[in-house]
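Dropping input-v7.json in here (JSON, C-alpha atoms and all ligand atoms):
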```json
[["chain", "number", "residue", "atom", "x", "y", "z"],
["A", 16, "MET", "CA", 123.66, 86.98, 99.44],
["A", 17, "LYS", "CA", 122.21, 87.60, 102.92],
["A", 18, "ILE", "CA", 118.55, 88.47, 102.61],
["A", 19, "SER", "CA", 116.26, 89.65, 105.40],
["A", 20, "ILE", "CA", 112.71, 90.98, 105.51],
["A", 21, "ASP", "CA", 111.96, 94.05, 107.63],
["A", 22, "GLU", "CA", 109.89, 92.94, 110.60],
["A", 23, "HIS", "CA", 108.07, 96.30, 110.77],
["A", 24, "SER", "CA", 106.93, 96.30, 107.12],
["A", 25, "GLY", "CA", 103.59, 95.04, 105.94],
["A", 26, "PHE", "CA", 99.94, 95.76, 106.54],
["A", 27, "CYS", "CA", 98.96, 98.22, 109.24],
["A", 28, "PHE", "CA", 96.26, 97.34, 111.73],
["A", 29, "GLY", "CA", 93.47, 98.96, 109.68],
["A", 30, "VAL", "CA", 94.30, 97.15, 106.44],
["A", 31, "THR", "CA", 94.78, 93.80, 108.22],
["A", 32, "ARG", "CA", 91.36, 94.24, 109.80],
["A", 33, "ALA", "CA", 89.69, 95.04, 106.45],
["A", 34, "ILE", "CA", 91.28, 92.04, 104.73],
["A", 35, "GLN", "CA", 90.27, 89.72, 107.57],
["A", 36, "ALA", "CA", 86.71, 91.06, 107.29],
["A", 37, "ALA", "CA", 86.72, 90.40, 103.51],
["A", 38, "GLU", "CA", 88.02, 86.85, 103.94],
["A", 39, "SER", "CA", 85.50, 85.98, 106.62],
["A", 40, "GLU", "CA", 82.57, 87.57, 104.70],
["A", 41, "LEU", "CA", 83.58, 85.76, 101.49],
["A", 42, "GLU", "CA", 82.97, 82.48, 103.31],
["A", 43, "LYS", "CA", 79.32, 83.50, 103.70],
["A", 44, "GLY", "CA", 78.71, 84.35, 100.02],
["A", 45, "SER", "CA", 79.36, 86.85, 97.25],
["A", 46, "LEU", "CA", 80.95, 90.12, 98.26],
["A", 47, "TYR", "CA", 81.75, 93.41, 96.54],
["A", 48, "CYS", "CA", 84.39, 95.89, 97.65],
["A", 49, "LEU", "CA", 83.96, 99.59, 96.84],
["A", 50, "GLY", "CA", 87.37, 100.48, 95.38],
["A", 51, "ASP", "CA", 90.55, 98.43, 95.72],
["A", 52, "ILE", "CA", 90.60, 96.94, 99.21],
["A", 53, "VAL", "CA", 94.26, 97.90, 99.45],
["A", 54, "HIS", "CA", 96.60, 99.83, 97.12],
["A", 55, "ASN", "CA", 98.39, 96.68, 96.13],
["A", 56, "GLY", "CA", 97.45, 95.01, 92.87],
["A", 57, "GLN", "CA", 98.87, 91.64, 93.88],
["A", 58, "GLU", "CA", 96.80, 91.47, 97.06],
["A", 59, "VAL", "CA", 93.67, 92.66, 95.22],
["A", 60, "ALA", "CA", 94.22, 89.88, 92.65],
["A", 61, "ARG", "CA", 94.62, 87.28, 95.44],
["A", 62, "LEU", "CA", 91.29, 88.29, 97.00],
["A", 63, "GLU", "CA", 89.55, 88.50, 93.62],
["A", 64, "LEU", "CA", 90.51, 84.87, 93.05],
["A", 65, "LYS", "CA", 88.62, 84.09, 96.26],
["A", 66, "GLY", "CA", 85.55, 85.83, 94.84],
["A", 67, "LEU", "CA", 85.86, 89.46, 95.94],
["A", 68, "ALA", "CA", 84.55, 91.76, 93.18],
["A", 69, "THR", "CA", 85.93, 95.30, 93.11],
["A", 70, "ILE", "CA", 83.34, 97.90, 92.09],
["A", 71, "ASP", "CA", 83.19, 101.68, 91.65],
["A", 72, "TYR", "CA", 80.51, 104.26, 92.52],
["A", 73, "ASP", "CA", 78.66, 103.76, 89.21],
["A", 74, "ASP", "CA", 78.42, 100.02, 89.94],
["A", 75, "LEU", "CA", 77.18, 100.75, 93.46],
["A", 76, "ARG", "CA", 74.23, 102.66, 92.01],
["A", 77, "THR", "CA", 73.17, 99.68, 89.90],
["A", 78, "LEU", "CA", 73.70, 96.75, 92.29],
["A", 79, "PRO", "CA", 70.60, 94.72, 93.10],
["A", 80, "ALA", "CA", 69.05, 94.97, 96.58],
["A", 81, "HIS", "CA", 70.60, 92.77, 99.28],
["A", 82, "SER", "CA", 74.02, 92.82, 97.60],
["A", 83, "ARG", "CA", 76.79, 92.91, 100.19],
["A", 84, "VAL", "CA", 79.39, 95.65, 99.86],
["A", 85, "LEU", "CA", 82.52, 95.98, 101.96],
["A", 86, "LEU", "CA", 83.82, 99.47, 102.72],
["A", 87, "ARG", "CA", 87.60, 99.44, 102.97],
["A", 88, "ALA", "CA", 89.84, 100.89, 105.70],
["A", 89, "HIS", "CA", 89.99, 104.35, 104.01],
["A", 90, "GLY", "CA", 86.36, 105.06, 104.91],
["A", 91, "GLU", "CA", 83.58, 106.63, 102.88],
["A", 92, "PRO", "CA", 81.57, 109.88, 102.85],
["A", 93, "PRO", "CA", 77.97, 109.87, 104.17],
["A", 94, "SER", "CA", 76.66, 109.83, 100.57],
["A", 95, "THR", "CA", 77.89, 106.23, 100.12],
["A", 96, "TYR", "CA", 75.85, 105.03, 103.13],
["A", 97, "TRP", "CA", 72.89, 106.95, 101.78],
["A", 98, "ILE", "CA", 73.11, 105.33, 98.32],
["A", 99, "ALA", "CA", 73.42, 101.88, 99.93],
["A", 100, "LYS", "CA", 70.38, 102.53, 102.09],
["A", 101, "GLN", "CA", 68.31, 103.72, 99.12],
["A", 102, "ARG", "CA", 69.18, 100.58, 97.15],
["A", 103, "GLY", "CA", 68.77, 98.10, 100.00],
["A", 104, "ILE", "CA", 72.45, 97.19, 99.90],
["A", 105, "GLU", "CA", 74.05, 95.58, 102.96],
["A", 106, "ILE", "CA", 77.18, 97.42, 104.07],
["A", 107, "ILE", "CA", 80.07, 95.61, 105.74],
["A", 108, "ASP", "CA", 81.93, 98.53, 107.21],
["A", 109, "ALA", "CA", 85.66, 97.87, 107.52],
["A", 110, "THR", "CA", 86.57, 101.55, 107.94],
["A", 111, "CYS", "CA", 89.69, 101.69, 110.12],
["A", 112, "PRO", "CA", 88.67, 102.82, 113.64],
["A", 113, "VAL", "CA", 91.38, 105.50, 113.48],
["A", 114, "VAL", "CA", 89.85, 106.94, 110.29],
["A", 115, "LYS", "CA", 86.34, 106.63, 111.74],
["A", 116, "LYS", "CA", 87.39, 108.65, 114.77],
["A", 117, "LEU", "CA", 88.89, 111.32, 112.51],
["A", 118, "GLN", "CA", 85.69, 111.47, 110.43],
["A", 119, "ASP", "CA", 83.70, 111.94, 113.66],
["A", 120, "ARG", "CA", 85.98, 114.77, 114.82],
["A", 121, "ILE", "CA", 85.74, 116.59, 111.50],
["A", 122, "ARG", "CA", 81.96, 116.18, 111.39],
["A", 123, "ALA", "CA", 81.66, 117.47, 114.99],
["A", 124, "CYS", "CA", 83.81, 120.50, 114.08],
["A", 125, "TYR", "CA", 81.67, 121.16, 111.00],
["A", 126, "GLU", "CA", 78.39, 120.81, 112.90],
["A", 127, "THR", "CA", 79.64, 123.12, 115.67],
["A", 128, "HIS", "CA", 80.80, 125.89, 113.36],
["A", 129, "LYS", "CA", 78.73, 125.66, 110.18],
["A", 130, "ASN", "CA", 76.32, 128.33, 111.37],
["A", 131, "ASP", "CA", 78.95, 130.69, 112.74],
["A", 132, "GLU", "CA", 78.06, 134.27, 112.01],
["A", 133, "ALA", "CA", 78.96, 136.45, 109.03],
["A", 134, "ILE", "CA", 82.50, 135.09, 108.63],
["A", 135, "PRO", "CA", 82.16, 131.33, 108.23],
["A", 136, "PRO", "CA", 85.16, 129.27, 109.38],
["A", 137, "GLN", "CA", 87.32, 127.10, 107.15],
["A", 138, "ILE", "CA", 87.88, 123.41, 107.80],
["A", 139, "VAL", "CA", 91.18, 122.56, 106.18],
["A", 140, "ILE", "CA", 92.43, 119.03, 105.51],
["A", 141, "TYR", "CA", 96.13, 118.48, 104.92],
["A", 142, "GLY", "CA", 95.88, 115.64, 102.41],
["A", 143, "LYS", "CA", 95.97, 114.46, 98.85],
["A", 144, "PRO", "CA", 93.01, 115.73, 96.77],
["A", 145, "GLY", "CA", 90.99, 112.83, 95.40],
["A", 146, "HIS", "CA", 92.47, 110.27, 97.79],
["A", 147, "ALA", "CA", 89.76, 107.89, 99.03],
["A", 148, "GLU", "CA", 90.29, 108.78, 102.68],
["A", 149, "VAL", "CA", 90.20, 112.50, 101.88],
["A", 150, "ILE", "CA", 86.93, 112.12, 99.95],
["A", 151, "GLY", "CA", 85.47, 110.45, 103.05],
["A", 152, "LEU", "CA", 86.74, 113.28, 105.27],
["A", 153, "GLN", "CA", 85.44, 116.02, 102.97],
["A", 154, "GLY", "CA", 82.06, 114.32, 102.99],
["A", 155, "GLN", "CA", 81.78, 114.98, 106.72],
["A", 156, "THR", "CA", 81.69, 118.71, 105.93],
["A", 157, "ASN", "CA", 79.19, 118.53, 103.08],
["A", 158, "ASN", "CA", 82.27, 118.87, 100.84],
["A", 159, "THR", "CA", 83.07, 122.36, 102.11],
["A", 160, "ALA", "CA", 86.49, 121.45, 103.56],
["A", 161, "ILE", "CA", 89.52, 122.84, 101.73],
["A", 162, "VAL", "CA", 92.16, 120.24, 100.89],
["A", 163, "ILE", "CA", 95.75, 121.40, 100.69],
["A", 164, "GLU", "CA", 98.82, 119.33, 100.04],
["A", 165, "SER", "CA", 101.62, 121.75, 100.88],
["A", 166, "VAL", "CA", 102.50, 125.27, 102.05],
["A", 167, "ASP", "CA", 102.58, 126.36, 98.39],
["A", 168, "GLN", "CA", 98.78, 126.14, 98.39],
["A", 169, "LEU", "CA", 98.18, 128.31, 101.46],
["A", 170, "ASP", "CA", 97.03, 131.22, 99.30],
["A", 171, "ARG", "CA", 93.79, 129.31, 98.91],
["A", 172, "LEU", "CA", 92.97, 130.10, 102.56],
["A", 173, "ASP", "CA", 91.39, 133.29, 103.81],
["A", 174, "PHE", "CA", 93.51, 134.48, 106.73],
["A", 175, "THR", "CA", 90.74, 136.72, 108.02],
["A", 176, "ARG", "CA", 88.57, 133.71, 108.86],
["A", 177, "ALA", "CA", 88.89, 130.98, 111.50],
["A", 178, "ILE", "CA", 90.90, 127.93, 110.43],
["A", 179, "TYR", "CA", 90.42, 124.39, 111.78],
["A", 180, "LEU", "CA", 93.19, 122.17, 110.44],
["A", 181, "PHE", "CA", 93.14, 118.36, 110.35],
["A", 182, "SER", "CA", 95.36, 115.86, 108.57],
["A", 183, "GLN", "CA", 94.80, 112.82, 106.40],
["A", 184, "THR", "CA", 96.10, 109.91, 108.52],
["A", 185, "THR", "CA", 98.95, 109.01, 106.17],
["A", 186, "LYS", "CA", 100.55, 112.44, 105.65],
["A", 187, "SER", "CA", 103.96, 113.29, 107.05],
["A", 188, "VAL", "CA", 104.34, 114.79, 110.53],
["A", 189, "GLU", "CA", 107.02, 117.20, 109.24],
["A", 190, "GLY", "CA", 104.74, 118.44, 106.46],
["A", 191, "PHE", "CA", 101.96, 119.03, 108.98],
["A", 192, "GLN", "CA", 104.26, 120.94, 111.34],
["A", 193, "GLU", "CA", 105.48, 123.06, 108.44],
["A", 194, "LEU", "CA", 101.88, 123.94, 107.59],
["A", 195, "VAL", "CA", 101.07, 124.83, 111.21],
["A", 196, "SER", "CA", 104.12, 127.13, 111.39],
["A", 197, "SER", "CA", 103.33, 128.83, 108.07],
["A", 198, "ILE", "CA", 99.67, 129.38, 108.94],
["A", 199, "SER", "CA", 100.63, 130.74, 112.38],
["A", 200, "ARG", "CA", 103.10, 133.19, 110.80],
["A", 201, "ARG", "CA", 100.49, 134.44, 108.34],
["A", 202, "LEU", "CA", 97.91, 134.87, 111.10],
["A", 203, "GLU", "CA", 100.33, 136.87, 113.23],
["A", 204, "ILE", "CA", 100.28, 139.61, 110.63],
["A", 205, "SER", "CA", 96.53, 139.38, 110.10],
["A", 206, "THR", "CA", 94.76, 142.31, 111.74],
["A", 207, "SER", "CA", 91.59, 140.31, 112.43],
["A", 208, "ARG", "CA", 93.43, 137.60, 114.46],
["A", 209, "PRO", "CA", 90.99, 134.77, 113.72],
["A", 210, "VAL", "CA", 90.90, 131.44, 115.60],
["A", 211, "PHE", "CA", 93.41, 128.80, 114.49],
["A", 212, "GLU", "CA", 92.94, 125.27, 115.82],
["A", 213, "TYR", "CA", 95.05, 122.42, 114.53],
["A", 214, "HIS", "CA", 94.73, 118.73, 115.16],
["A", 215, "ASP", "CA", 97.59, 116.39, 114.38],
["A", 216, "THR", "CA", 95.54, 113.40, 113.24],
["A", 217, "ILE", "CA", 98.37, 111.52, 111.54],
["A", 218, "CYS", "CA", 98.34, 107.79, 112.21],
["A", 219, "ARG", "CA", 101.46, 106.79, 114.11],
["A", 220, "SER", "CA", 101.50, 103.33, 112.57],
["A", 221, "VAL", "CA", 102.60, 105.14, 109.38],
["A", 222, "ALA", "CA", 104.54, 108.05, 110.90],
["A", 223, "ASN", "CA", 106.71, 105.76, 113.05],
["A", 224, "ARG", "CA", 107.42, 103.56, 110.10],
["A", 225, "VAL", "CA", 109.60, 106.20, 108.44],
["A", 226, "LYS", "CA", 112.27, 106.07, 111.15],
["A", 227, "GLU", "CA", 112.11, 102.27, 111.39],
["A", 228, "LEU", "CA", 112.42, 101.92, 107.63],
["A", 229, "GLN", "CA", 115.31, 104.37, 107.37],
["A", 230, "ALA", "CA", 117.18, 102.45, 110.08],
["A", 231, "PHE", "CA", 116.54, 99.22, 108.16],
["A", 232, "ALA", "CA", 117.68, 100.87, 104.91],
["A", 233, "GLN", "CA", 120.94, 101.99, 106.50],
["A", 234, "ALA", "CA", 121.56, 98.56, 108.03],
["A", 235, "ASN", "CA", 121.51, 96.97, 104.57],
["A", 236, "ASP", "CA", 123.74, 97.43, 101.51],
["A", 237, "ILE", "CA", 120.90, 96.92, 99.05],
["A", 238, "LEU", "CA", 117.24, 97.58, 99.69],
["A", 239, "ILE", "CA", 114.28, 96.20, 97.77],
["A", 240, "PHE", "CA", 111.16, 98.22, 98.46],
["A", 241, "VAL", "CA", 107.99, 96.28, 97.61],
["A", 242, "GLY", "CA", 104.88, 98.38, 97.03],
["A", 243, "GLY", "CA", 101.87, 98.93, 94.80],
["A", 244, "THR", "CA", 102.20, 101.49, 92.02],
["A", 245, "LYS", "CA", 98.84, 103.06, 93.09],
["A", 246, "SER", "CA", 99.86, 103.54, 96.73],
["A", 247, "SER", "CA", 100.83, 107.06, 97.76],
["A", 248, "ASN", "CA", 102.09, 105.69, 101.08],
["A", 249, "ALA", "CA", 104.42, 103.32, 99.17],
["A", 250, "LYS", "CA", 105.85, 106.20, 97.11],
["A", 251, "VAL", "CA", 106.50, 108.33, 100.21],
["A", 252, "LEU", "CA", 108.14, 105.48, 102.13],
["A", 253, "TYR", "CA", 110.22, 104.44, 99.12],
["A", 254, "ASN", "CA", 111.58, 108.00, 98.83],
["A", 255, "HIS", "CA", 112.56, 107.97, 102.51],
["A", 256, "CYS", "CA", 114.38, 104.66, 102.00],
["A", 257, "LYS", "CA", 116.14, 106.00, 98.91],
["A", 258, "GLU", "CA", 117.36, 109.00, 100.95],
["A", 259, "ALA", "CA", 118.82, 106.61, 103.54],
["A", 260, "ASN", "CA", 120.29, 104.13, 101.04],
["A", 261, "GLU", "CA", 120.90, 105.02, 97.40],
["A", 262, "ASN", "CA", 120.91, 101.33, 96.43],
["A", 263, "THR", "CA", 117.14, 101.13, 96.93],
["A", 264, "TYR", "CA", 114.96, 99.61, 94.22],
["A", 265, "PHE", "CA", 111.17, 99.71, 93.90],
["A", 266, "VAL", "CA", 109.34, 96.58, 92.76],
["A", 267, "SER", "CA", 105.64, 95.78, 92.73],
["A", 268, "SER", "CA", 106.01, 92.05, 92.05],
["A", 269, "ALA", "CA", 108.60, 89.29, 92.39],
["A", 270, "ASP", "CA", 109.07, 89.29, 88.59],
["A", 271, "GLU", "CA", 110.26, 92.91, 88.64],
["A", 272, "ILE", "CA", 113.36, 91.83, 90.56],
["A", 273, "GLU", "CA", 114.73, 90.78, 87.18],
["A", 274, "ASP", "CA", 114.84, 94.46, 86.12],
["A", 275, "PHE", "CA", 117.44, 95.10, 88.83],
["A", 276, "ARG", "CA", 119.22, 91.76, 89.03],
["A", 277, "LEU", "CA", 122.29, 92.93, 87.09],
["A", 278, "LYS", "CA", 122.70, 96.01, 89.28],
["A", 279, "ILE", "CA", 122.34, 93.91, 92.44],
["A", 280, "GLU", "CA", 124.86, 91.37, 91.15],
["A", 281, "ASP", "CA", 127.34, 94.17, 90.35],
["A", 282, "ILE", "CA", 127.15, 95.42, 93.95],
["A", 283, "ILE", "CA", 127.60, 91.88, 95.28],
["A", 284, "LYS", "CA", 130.65, 91.35, 93.03],
["A", 285, "THR", "CA", 132.41, 94.23, 94.78],
["A", 286, "ASN", "CA", 131.04, 93.30, 98.23],
["A", 287, "PRO", "CA", 130.36, 89.55, 98.54],
["A", 288, "ASP", "CA", 129.06, 90.07, 102.11],
["A", 289, "ALA", "CA", 126.46, 92.60, 100.97],
["A", 290, "LYS", "CA", 123.24, 92.46, 102.95],
["A", 291, "VAL", "CA", 119.97, 92.74, 101.05],
["A", 292, "GLY", "CA", 116.93, 94.03, 102.92],
["A", 293, "ILE", "CA", 113.35, 93.64, 101.74],
["A", 294, "CYS", "CA", 110.73, 96.03, 103.06],
["A", 295, "GLY", "CA", 107.43, 97.55, 102.04],
["A", 296, "ALA", "CA", 104.57, 99.92, 102.71],
["A", 297, "THR", "CA", 101.55, 99.58, 104.99],
["A", 298, "SER", "CA", 99.73, 98.17, 101.96],
["A", 299, "THR", "CA", 102.35, 95.51, 101.14],
["A", 300, "PRO", "CA", 101.46, 91.94, 102.14],
["A", 301, "LEU", "CA", 104.08, 89.79, 103.88],
["A", 302, "TRP", "CA", 103.53, 86.97, 101.37],
["A", 303, "LEU", "CA", 104.62, 89.32, 98.56],
["A", 304, "MET", "CA", 107.83, 90.31, 100.34],
["A", 305, "GLU", "CA", 108.50, 86.58, 100.89],
["A", 306, "ALA", "CA", 107.92, 85.91, 97.17],
["A", 307, "VAL", "CA", 110.41, 88.67, 96.30],
["A", 308, "SER", "CA", 112.93, 87.13, 98.70],
["A", 309, "GLU", "CA", 112.51, 83.71, 97.11],
["A", 310, "ARG", "CA", 112.92, 85.11, 93.60],
["A", 311, "LEU", "CA", 116.03, 86.98, 94.63],
["A", 312, "SER", "CA", 117.58, 83.83, 96.11],
["A", 313, "ALA", "CA", 116.82, 81.86, 92.95],
["A", 314, "SER", "CA", 119.80, 83.13, 90.95],
["A", 401, "LIG", "S1", 97.45, 103.79, 108.27],
["A", 401, "LIG", "FE1", 96.57, 103.99, 110.33],
["A", 401, "LIG", "S2", 94.64, 105.05, 109.97],
["A", 401, "LIG", "FE2", 95.28, 104.28, 107.99],
["A", 401, "LIG", "S3", 94.29, 102.27, 107.81],
["A", 401, "LIG", "FE3", 96.32, 101.92, 108.70],
["A", 401, "LIG", "S4", 95.99, 101.91, 110.93],
["A", 401, "LIG", "FE4", 94.20, 102.86, 109.97]]
```
Once you've parsed the file, please lay out its structure as C-alpha cells.
Amino acid sequence: MKISIDEHSGFCFGVTRAIQAAESELEKGSLYCLGDIVHNGQEVARLELKGLATIDYDDLRTLPAHSRVLLRAHGEPPSTYWIAKQRGIEIIDATCPVVKKLQDRIRACYETHKNDEAIPPQIVIYGKPGHAEVIGLQGQTNNTAIVIESVDQLDRLDFTRAIYLFSQTTKSVEGFQELVSSISRRLEISTSRPVFEYHDTICRSVANRVKELQAFAQANDILIFVGGTKSSNAKVLYNHCKEANENTYFVSSADEIEDFRLKIEDIIKTNPDAKVGICGATSTPLWLMEAVSERLSAS
C-alpha cells in the first residue's frame, strides 16, 4: 500500500498561531480557553493534557480575578471583552488577524449606517448561525446583523432597504457568488432600488484548499479524510473530496481506520498498486494524519 499525506492539509495560519500562543502561555502558568481551541477533539485533548482548561461563557462569568483566558482564532463579540474587564480577567487574544480585520470592517459598516434615516440598512452575514466566528461578527453590530446560510433564506431580507453583505471566512466562494447574484436579481425588480454592497471576506487559505484537496483526491485511489466531528470546515471539505473520489472515508482518530479496513483491503485486492492519500481540514493537526498513516500501515 502506497500511503502519502497531503502537503496542503493541516492547520491554517490562524489556528497554528492560536495553538502556539496557548503552548507558550501554558509555560507561564494556568490557562483557560473560551471554547474548544480548535474543532478537533484529539488536538483539544493533547493541549488539555498540557494544562489547558476549556471553559464556556457561564464559567467565564465565575472565574476569579487575574485568571488568564485565551480567545481562539474564531474571535469573540465585544461582550466577552466587557465581561473579562468587569471580572479582572486577563485576556490572551489569539483571534486570527483575518477575522479581526473582518470584525473591524463589519463594525465600521454598522457604525457608519446605524443612524441612517427612516429606512435602516441591513448588515447581512453569509454564515452558519451559532458558529463561534459568526457570533463574534454579529456582536460587532449589536447583534442586529442578519445571518443567512443559503439563497433559500433570502426571504428574510427586506429588498426595499440597503443591504451590506459580508461572509464568514470559511464559507464557500461559490455559495457567496450565488447569494450576490440572487440578491442583485431581486433588487433589479425592486422599485426603491436600495444600495447593495457586498464584500467577499472569505479566507483564501480555506477557499484555495478545495481545489488542492480535490486534485489530491483524484490523484489517489483511496482517500482518508481526517477531521473533527464538530468542525463544519471538515464536513465541507470531506464532501468535496467525496465528490472527487468516491472511495473517500472520514475518520476522526487513528482507531477509526479499523471501521474501513475491510473496504480498503477489498480495493487493494483488486488493485495492488492502489495509492492511499491522507488529508484533512484546516483544524486537523499533522500529528493526527501521521498517526492515521501509521495505523493504516500496521496491517
Ligand atoms: S481559516 Fe483563515 S480566517 Fe479562519 S482562522 Fe484560518 S487563517 Fe484565519
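Across the structure, atom CA of Gly154 of chain A and atom CA of Glu91 of chain A are spaced 7.8 Å apart.
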Each chain A residue no farther than 12 Å from ligand LIG 401 (chain A), nearest pair in Å, only C-alpha atoms and all ligand atoms, as JSON lines:
```
{"residue": "A:Gly25", "atom": "CA", "partner": "A:LIG401", "partner_atom": "FE3", "distance": 10.4}
{"residue": "A:Phe26", "atom": "CA", "partner": "A:LIG401", "partner_atom": "FE3", "distance": 7.5}
{"residue": "A:Cys27", "atom": "CA", "partner": "A:LIG401", "partner_atom": "FE3", "distance": 4.6}
{"residue": "A:Phe28", "atom": "CA", "partner": "A:LIG401", "partner_atom": "S4", "distance": 4.6}
{"residue": "A:Gly29", "atom": "CA", "partner": "A:LIG401", "partner_atom": "S3", "distance": 3.9}
{"residue": "A:Val30", "atom": "CA", "partner": "A:LIG401", "partner_atom": "S3", "distance": 5.3}
{"residue": "A:Thr31", "atom": "CA", "partner": "A:LIG401", "partner_atom": "FE3", "distance": 8.3}
{"residue": "A:Arg32", "atom": "CA", "partner": "A:LIG401", "partner_atom": "S3", "distance": 8.8}
{"residue": "A:Ala33", "atom": "CA", "partner": "A:LIG401", "partner_atom": "S3", "distance": 8.7}
{"residue": "A:Ile34", "atom": "CA", "partner": "A:LIG401", "partner_atom": "S3", "distance": 11.1}
{"residue": "A:Ile52", "atom": "CA", "partner": "A:LIG401", "partner_atom": "S3", "distance": 10.8}
{"residue": "A:Val53", "atom": "CA", "partner": "A:LIG401", "partner_atom": "S3", "distance": 9.4}
{"residue": "A:His54", "atom": "CA", "partner": "A:LIG401", "partner_atom": "S3", "distance": 11.2}
{"residue": "A:Leu86", "atom": "CA", "partner": "A:LIG401", "partner_atom": "S3", "distance": 12.0}
{"residue": "A:Arg87", "atom": "CA", "partner": "A:LIG401", "partner_atom": "S3", "distance": 8.7}
{"residue": "A:Ala88", "atom": "CA", "partner": "A:LIG401", "partner_atom": "S3", "distance": 5.1}
{"residue": "A:His89", "atom": "CA", "partner": "A:LIG401", "partner_atom": "S3", "distance": 6.1}
{"residue": "A:Gly90", "atom": "CA", "partner": "A:LIG401", "partner_atom": "S3", "distance": 8.9}
{"residue": "A:Ala109", "atom": "CA", "partner": "A:LIG401", "partner_atom": "S3", "distance": 9.7}
{"residue": "A:Thr110", "atom": "CA", "partner": "A:LIG401", "partner_atom": "S3", "distance": 7.8}
{"residue": "A:Cys111", "atom": "CA", "partner": "A:LIG401", "partner_atom": "FE4", "distance": 4.7}
{"residue": "A:Pro112", "atom": "CA", "partner": "A:LIG401", "partner_atom": "FE4", "distance": 6.6}
{"residue": "A:Val113", "atom": "CA", "partner": "A:LIG401", "partner_atom": "S2", "distance": 4.8}
{"residue": "A:Val114", "atom": "CA", "partner": "A:LIG401", "partner_atom": "S2", "distance": 5.2}
{"residue": "A:Lys115", "atom": "CA", "partner": "A:LIG401", "partner_atom": "S2", "distance": 8.6}
{"residue": "A:Lys116", "atom": "CA", "partner": "A:LIG401", "partner_atom": "S2", "distance": 9.4}
{"residue": "A:Leu117", "atom": "CA", "partner": "A:LIG401", "partner_atom": "S2", "distance": 8.9}
{"residue": "A:Gln118", "atom": "CA", "partner": "A:LIG401", "partner_atom": "S2", "distance": 11.0}
{"residue": "A:Ala147", "atom": "CA", "partner": "A:LIG401", "partner_atom": "FE2", "distance": 11.1}
{"residue": "A:Glu148", "atom": "CA", "partner": "A:LIG401", "partner_atom": "FE2", "distance": 8.6}
{"residue": "A:Val149", "atom": "CA", "partner": "A:LIG401", "partner_atom": "FE2", "distance": 11.4}
{"residue": "A:Ser182", "atom": "CA", "partner": "A:LIG401", "partner_atom": "S2", "distance": 10.9}
{"residue": "A:Gln183", "atom": "CA", "partner": "A:LIG401", "partner_atom": "S2", "distance": 8.6}
{"residue": "A:Thr184", "atom": "CA", "partner": "A:LIG401", "partner_atom": "S2", "distance": 5.3}
{"residue": "A:Thr185", "atom": "CA", "partner": "A:LIG401", "partner_atom": "S1", "distance": 5.8}
{"residue": "A:Lys186", "atom": "CA", "partner": "A:LIG401", "partner_atom": "S1", "distance": 9.6}
{"residue": "A:Ser187", "atom": "CA", "partner": "A:LIG401", "partner_atom": "S1", "distance": 11.6}
{"residue": "A:Thr216", "atom": "CA", "partner": "A:LIG401", "partner_atom": "S2", "distance": 9.0}
{"residue": "A:Ile217", "atom": "CA", "partner": "A:LIG401", "partner_atom": "S2", "distance": 7.6}
{"residue": "A:Cys218", "atom": "CA", "partner": "A:LIG401", "partner_atom": "FE1", "distance": 4.6}
{"residue": "A:Arg219", "atom": "CA", "partner": "A:LIG401", "partner_atom": "FE1", "distance": 6.8}
{"residue": "A:Ser220", "atom": "CA", "partner": "A:LIG401", "partner_atom": "FE1", "distance": 5.5}
{"residue": "A:Val221", "atom": "CA", "partner": "A:LIG401", "partner_atom": "S1", "distance": 5.4}
{"residue": "A:Ala222", "atom": "CA", "partner": "A:LIG401", "partner_atom": "S1", "distance": 8.7}
{"residue": "A:Asn223", "atom": "CA", "partner": "A:LIG401", "partner_atom": "S1", "distance": 10.6}
{"residue": "A:Arg224", "atom": "CA", "partner": "A:LIG401", "partner_atom": "S1", "distance": 10.1}
{"residue": "A:Ser246", "atom": "CA", "partner": "A:LIG401", "partner_atom": "S1", "distance": 11.8}
{"residue": "A:Ser247", "atom": "CA", "partner": "A:LIG401", "partner_atom": "S1", "distance": 11.5}
{"residue": "A:Asn248", "atom": "CA", "partner": "A:LIG401", "partner_atom": "S1", "distance": 8.8}
{"residue": "A:Ala249", "atom": "CA", "partner": "A:LIG401", "partner_atom": "S1", "distance": 11.5}
{"residue": "A:Ala296", "atom": "CA", "partner": "A:LIG401", "partner_atom": "S1", "distance": 9.8}
{"residue": "A:Thr297", "atom": "CA", "partner": "A:LIG401", "partner_atom": "S1", "distance": 6.7}
{"residue": "A:Ser298", "atom": "CA", "partner": "A:LIG401", "partner_atom": "FE3", "distance": 8.4}
{"residue": "A:Thr299", "atom": "CA", "partner": "A:LIG401", "partner_atom": "FE3", "distance": 11.6}
```
d(atom CA of Asn260 of chain A, atom CA of Gln229 of chain A) in Å: 8.1 Å
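Computed from the coordinates, the atom CA of Ile161 of chain A to atom CA of Asp215 of chain A distance equals 16.3 Å.
Considering the residues A:Glu40, A:Lys143, A:Thr175, A:Thr77 and counting only C-alpha atoms, Asp108 of chain A has its shortest atom-to-atom contact with A:Glu40.
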Cut-off 7 Å around (122.1, 94.3, 96.7) with all atoms listed in the file: residues as JSON, numbers by chain: {"A": [236, 237, 238, 279, 280, 282, 283, 289, 290, 291]}
Residue nearest Leu62 of chain A - candidates A:Lys250, A:Glu38, A:Ile98, A:Tyr47, atoms counted: only C-alpha atoms: A:Glu38
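Among the candidates A:Gln192, A:Arg176, A:Leu277, A:Lys284, the residue lying nearest to Thr206 of chain A is A:Arg176 (atoms considered: only C-alpha atoms).
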Polymer residues at most 8 Å from Gln155 of chain A, only C-alpha atoms, same-chain spacing of 2 or more positions, as a PyMOL selection string: chain A and resi 92-93+118-119+121-122+125+151-153+157-158
Contacts of Ala80 of chain A at 9 Å (all atoms listed in the file; same-chain gap of 4+ positions) as a list in words: Ala99, Arg102, Gly103, Ile104 and Glu105 of chain A
Once you have the residues from the selection above, write them out as a JSON list (two decimals), in the frame of the given file, restricted to C-alpha atoms.
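So the final result, stored in again_29.json, reads:
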```json
[["chain", "number", "residue", "atom", "x", "y", "z"],
["A", 99, "ALA", "CA", 73.42, 101.88, 99.93],
["A", 102, "ARG", "CA", 69.18, 100.58, 97.15],
["A", 103, "GLY", "CA", 68.77, 98.10, 100.00],
["A", 104, "ILE", "CA", 72.45, 97.19, 99.90],
["A", 105, "GLU", "CA", 74.05, 95.58, 102.96]]
```
